[in-house]
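Next up, upload-v7.cif (mmCIF, C-alpha atoms):
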data_upload
loop_
_atom_site.label_atom_id
_atom_site.label_comp_id
_atom_site.auth_asym_id
_atom_site.auth_seq_id
_atom_site.Cartn_x
_atom_site.Cartn_y
_atom_site.Cartn_z
CA MET A 221 3.62 13.64 7.87
CA VAL A 222 4.95 10.22 6.84
CA ASN A 223 4.21 7.19 9.01
CA GLY A 224 3.47 9.43 11.98
CA SER A 225 6.62 11.57 11.72
CA GLU A 226 7.05 15.01 10.21
CA HIS A 227 9.64 15.37 7.48
CA ARG A 228 11.01 18.32 5.57
CA VAL A 229 12.40 17.53 2.16
CA THR A 230 14.35 19.57 -0.35
CA ALA A 231 12.97 17.99 -3.51
CA GLU A 232 11.60 19.99 -6.40
CA PRO A 233 7.78 20.28 -6.20
CA GLU A 234 7.24 18.11 -9.31
CA THR A 235 9.44 15.27 -8.00
CA PRO A 236 7.36 12.08 -7.72
CA LEU A 237 6.42 11.25 -4.14
CA LEU A 238 7.85 7.76 -4.69
CA TYR A 239 11.34 9.18 -5.26
CA VAL A 240 11.16 11.23 -2.08
CA LEU A 241 9.96 8.26 -0.04
CA ARG A 242 12.65 5.92 -1.36
CA ASN A 243 15.61 8.25 -1.90
CA GLU A 244 15.28 10.95 0.74
CA LEU A 245 13.37 9.16 3.49
CA LYS A 246 14.92 5.73 2.77
CA LEU A 247 11.55 3.95 2.88
CA LYS A 248 12.26 1.14 0.44
CA GLY A 249 9.03 -0.85 0.92
CA THR A 250 7.20 1.24 -1.66
CA ARG A 251 8.34 -0.04 -5.05
CA PHE A 252 8.92 1.48 -8.46
CA GLY A 253 7.02 -0.59 -11.00
CA CYS A 254 5.93 1.09 -14.20
CA GLY A 255 6.39 4.78 -13.40
CA LEU A 256 3.01 5.48 -15.02
CA GLY A 257 0.60 4.83 -12.14
CA GLN A 258 -0.70 1.67 -13.81
CA CYS A 259 0.75 -1.29 -11.88
CA GLY A 260 0.16 -0.31 -8.23
CA ALA A 261 3.58 -1.36 -6.90
CA CYS A 262 4.04 2.18 -5.58
CA THR A 263 0.70 2.41 -3.75
CA VAL A 264 0.70 4.36 -0.49
CA LEU A 265 -2.08 5.91 1.57
CA LEU A 266 -2.56 9.66 1.26
CA ASP A 267 -4.97 10.82 3.95
CA GLY A 268 -6.21 7.23 4.05
CA LYS A 269 -6.81 6.89 0.32
CA ALA A 270 -4.79 4.51 -1.86
CA VAL A 271 -2.76 6.49 -4.43
CA GLN A 272 0.02 5.69 -6.87
CA SER A 273 3.09 7.55 -5.64
CA CYS A 274 5.12 7.23 -8.85
CA ASP A 275 3.11 9.85 -10.71
CA LEU A 276 2.03 12.01 -7.78
CA PRO A 277 4.17 15.15 -7.35
CA VAL A 278 5.50 15.55 -3.83
CA SER A 279 3.90 19.01 -3.77
CA ALA A 280 0.46 17.32 -3.90
CA ALA A 281 1.29 15.49 -0.67
CA SER A 282 2.36 18.57 1.25
CA GLY A 283 0.44 18.90 4.51
CA LYS A 284 -1.18 15.49 4.09
CA THR A 285 -0.74 12.24 6.00
CA ILE A 286 1.18 9.58 4.11
CA THR A 287 1.35 5.95 5.19
CA THR A 288 3.72 3.48 3.58
CA ILE A 289 4.02 -0.26 4.18
CA GLU A 290 6.60 0.53 6.89
CA GLY A 291 3.95 2.57 8.70
CA LEU A 292 1.70 -0.47 9.20
CA VAL A 293 3.94 -1.98 11.86
CA ALA A 294 2.40 -1.39 15.28
CA ASP A 295 4.05 -2.21 18.59
CA GLY A 296 6.82 -4.00 16.71
CA GLY A 297 4.40 -6.50 15.15
CA LEU A 298 3.08 -7.06 11.68
CA HIS A 299 -0.24 -5.63 10.58
CA PRO A 300 -3.03 -8.25 10.30
CA LEU A 301 -2.89 -7.95 6.50
CA GLN A 302 0.82 -8.74 6.53
CA GLN A 303 0.20 -11.69 8.84
CA ALA A 304 -2.60 -12.98 6.60
CA PHE A 305 -0.46 -12.71 3.48
CA ILE A 306 2.15 -14.87 5.19
CA ALA A 307 -0.43 -17.37 6.48
CA GLU A 308 -2.03 -17.72 3.03
CA GLN A 309 1.38 -17.90 1.29
CA ALA A 310 0.25 -14.96 -0.83
CA VAL A 311 3.76 -13.74 -1.58
CA GLN A 312 5.88 -15.19 -4.33
CA CYS A 313 8.37 -12.65 -5.68
CA GLY A 314 6.97 -9.98 -3.34
CA TYR A 315 7.45 -7.03 -5.65
CA CYS A 316 3.77 -6.05 -5.83
CA VAL A 317 2.80 -7.02 -2.30
CA SER A 318 3.38 -3.74 -0.46
CA GLY A 319 1.18 -1.91 -2.97
CA ILE A 320 -1.53 -4.56 -2.79
CA ILE A 321 -1.51 -4.55 1.01
CA MET A 322 -1.82 -0.76 1.05
CA ALA A 323 -4.75 -0.87 -1.39
CA ALA A 324 -6.39 -3.56 0.75
CA LYS A 325 -5.86 -1.52 3.91
CA ALA A 326 -7.52 1.51 2.31
CA LEU A 327 -10.50 -0.69 1.41
CA LEU A 328 -10.82 -2.34 4.83
CA ASP A 329 -10.55 1.01 6.59
CA VAL A 330 -13.72 2.22 4.85
CA ASN A 331 -15.42 -1.14 4.29
CA PRO A 332 -14.47 -3.75 6.89
CA LYS A 333 -16.80 -6.38 5.34
CA PRO A 334 -16.16 -6.14 1.60
CA SER A 335 -17.60 -8.60 -0.85
CA GLU A 336 -15.38 -10.53 -3.25
CA SER A 337 -16.27 -8.10 -6.04
CA GLU A 338 -15.48 -5.09 -3.82
CA ILE A 339 -12.06 -6.54 -2.99
CA ARG A 340 -11.37 -7.18 -6.66
CA ALA A 341 -12.47 -3.63 -7.53
CA ALA A 342 -10.19 -2.16 -4.86
CA LEU A 343 -7.24 -4.09 -6.34
CA LYS A 344 -7.98 -3.32 -9.99
CA GLY A 345 -5.04 -0.90 -10.13
CA ASN A 346 -2.58 -3.47 -8.74
CA LEU A 347 -0.87 -6.08 -10.90
CA CYS A 348 0.68 -9.36 -9.77
CA ARG A 349 2.49 -11.34 -12.40
CA CYS A 350 3.36 -14.31 -10.17
CA GLY A 351 -0.07 -15.87 -10.05
CA THR A 352 -0.74 -15.53 -6.31
CA HIS A 353 -3.71 -13.22 -6.79
CA HIS A 354 -6.17 -15.85 -5.48
CA ARG A 355 -4.10 -16.29 -2.34
CA MET A 356 -4.01 -12.53 -1.88
CA LEU A 357 -7.79 -12.39 -2.13
CA ARG A 358 -8.01 -15.16 0.49
CA ALA A 359 -5.68 -13.22 2.78
CA ILE A 360 -7.78 -10.06 2.50
CA ARG A 361 -10.99 -12.02 3.11
CA ARG A 362 -9.34 -13.60 6.18
CA VAL A 363 -8.64 -10.17 7.68
CA ALA A 364 -12.16 -8.99 6.85
CA LEU A 365 -13.58 -12.00 8.69
CA GLU A 366 -11.35 -11.27 11.70
CA ILE A 367 -12.55 -7.66 11.74
CA ALA A 368 -16.16 -8.79 11.53
CA ALA A 369 -15.77 -11.26 14.42
#

Show the structure stored in the file as structure tokens.
Amino acid sequence: MVNGSEHRVTAEPETPLLYVLRNELKLKGTRFGCGLGQCGACTVLLDGKAVQSCDLPVSAASGKTITTIEGLVADGGLHPLQQAFIAEQAVQCGYCVSGIIMAAKALLDVNPKPSESEIRAALKGNLCRCGTHHRMLRAIRRVALEIAA
């Protein structure tokens, strides 16, 4: 199940989930970064948990619920995290953002009032080379405050 829809794919079991998402399902929001599970650009939710899809075999995702950045859109509108990233101007090149938003969503789903250190810990597997990390943290805190209100 990907973004609420069932899919059958013909990929070899060891094919990285990222390749299936991008090439077979045409979900281009999840990015290829390092290919080693170290940069976080490929982060998706697997049964609600943030995982790196570049080094996860598609066979490990069989029968599980996968959510990509495209799956966050509800009723045709942006997810609050996406809105906050725009409001805080937390996107520069944008390459890392979908992975960071997915990691933040996984955190907020289990901890709607995270501390600064908990947010940083949740993003430790995500790299941003553009220098907007502080704005991203502000955007995530903004959503946490909205949830708490």

So that I can check the surroundings of Val240 in chain A, please list as a count of residues only every protein, DNA and RNA residue that reaches within 10 Å of it, counting only C-alpha atoms and ignoring chain neighbours fewer than 2 positions away.
18

Hey, which of A:Ala326, A:Val363, A:Val264, A:Leu292 ends up closest to Gly224 in chain A? Count only C-alpha atoms.
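Under the stated criterion, the closest residue is A:Leu292.
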
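Minimum distance to Gly268 in chain A across A:Leu365, A:Cys348, A:Ala341, A:Met322 (counting all atoms listed in the file) occurs at A:Met322.
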
Between CA of Val311 in chain A and CA of Met356 in chain A, what is the distance in Å, rounded to a tenth?
7.9 Å

Chain and number of each residue from the PyMOL selection byres ((chain A and resi 307) around 12), as a PyMOL selection string
chain A and resi 300-306+308-311+355-356+358-360+362-363
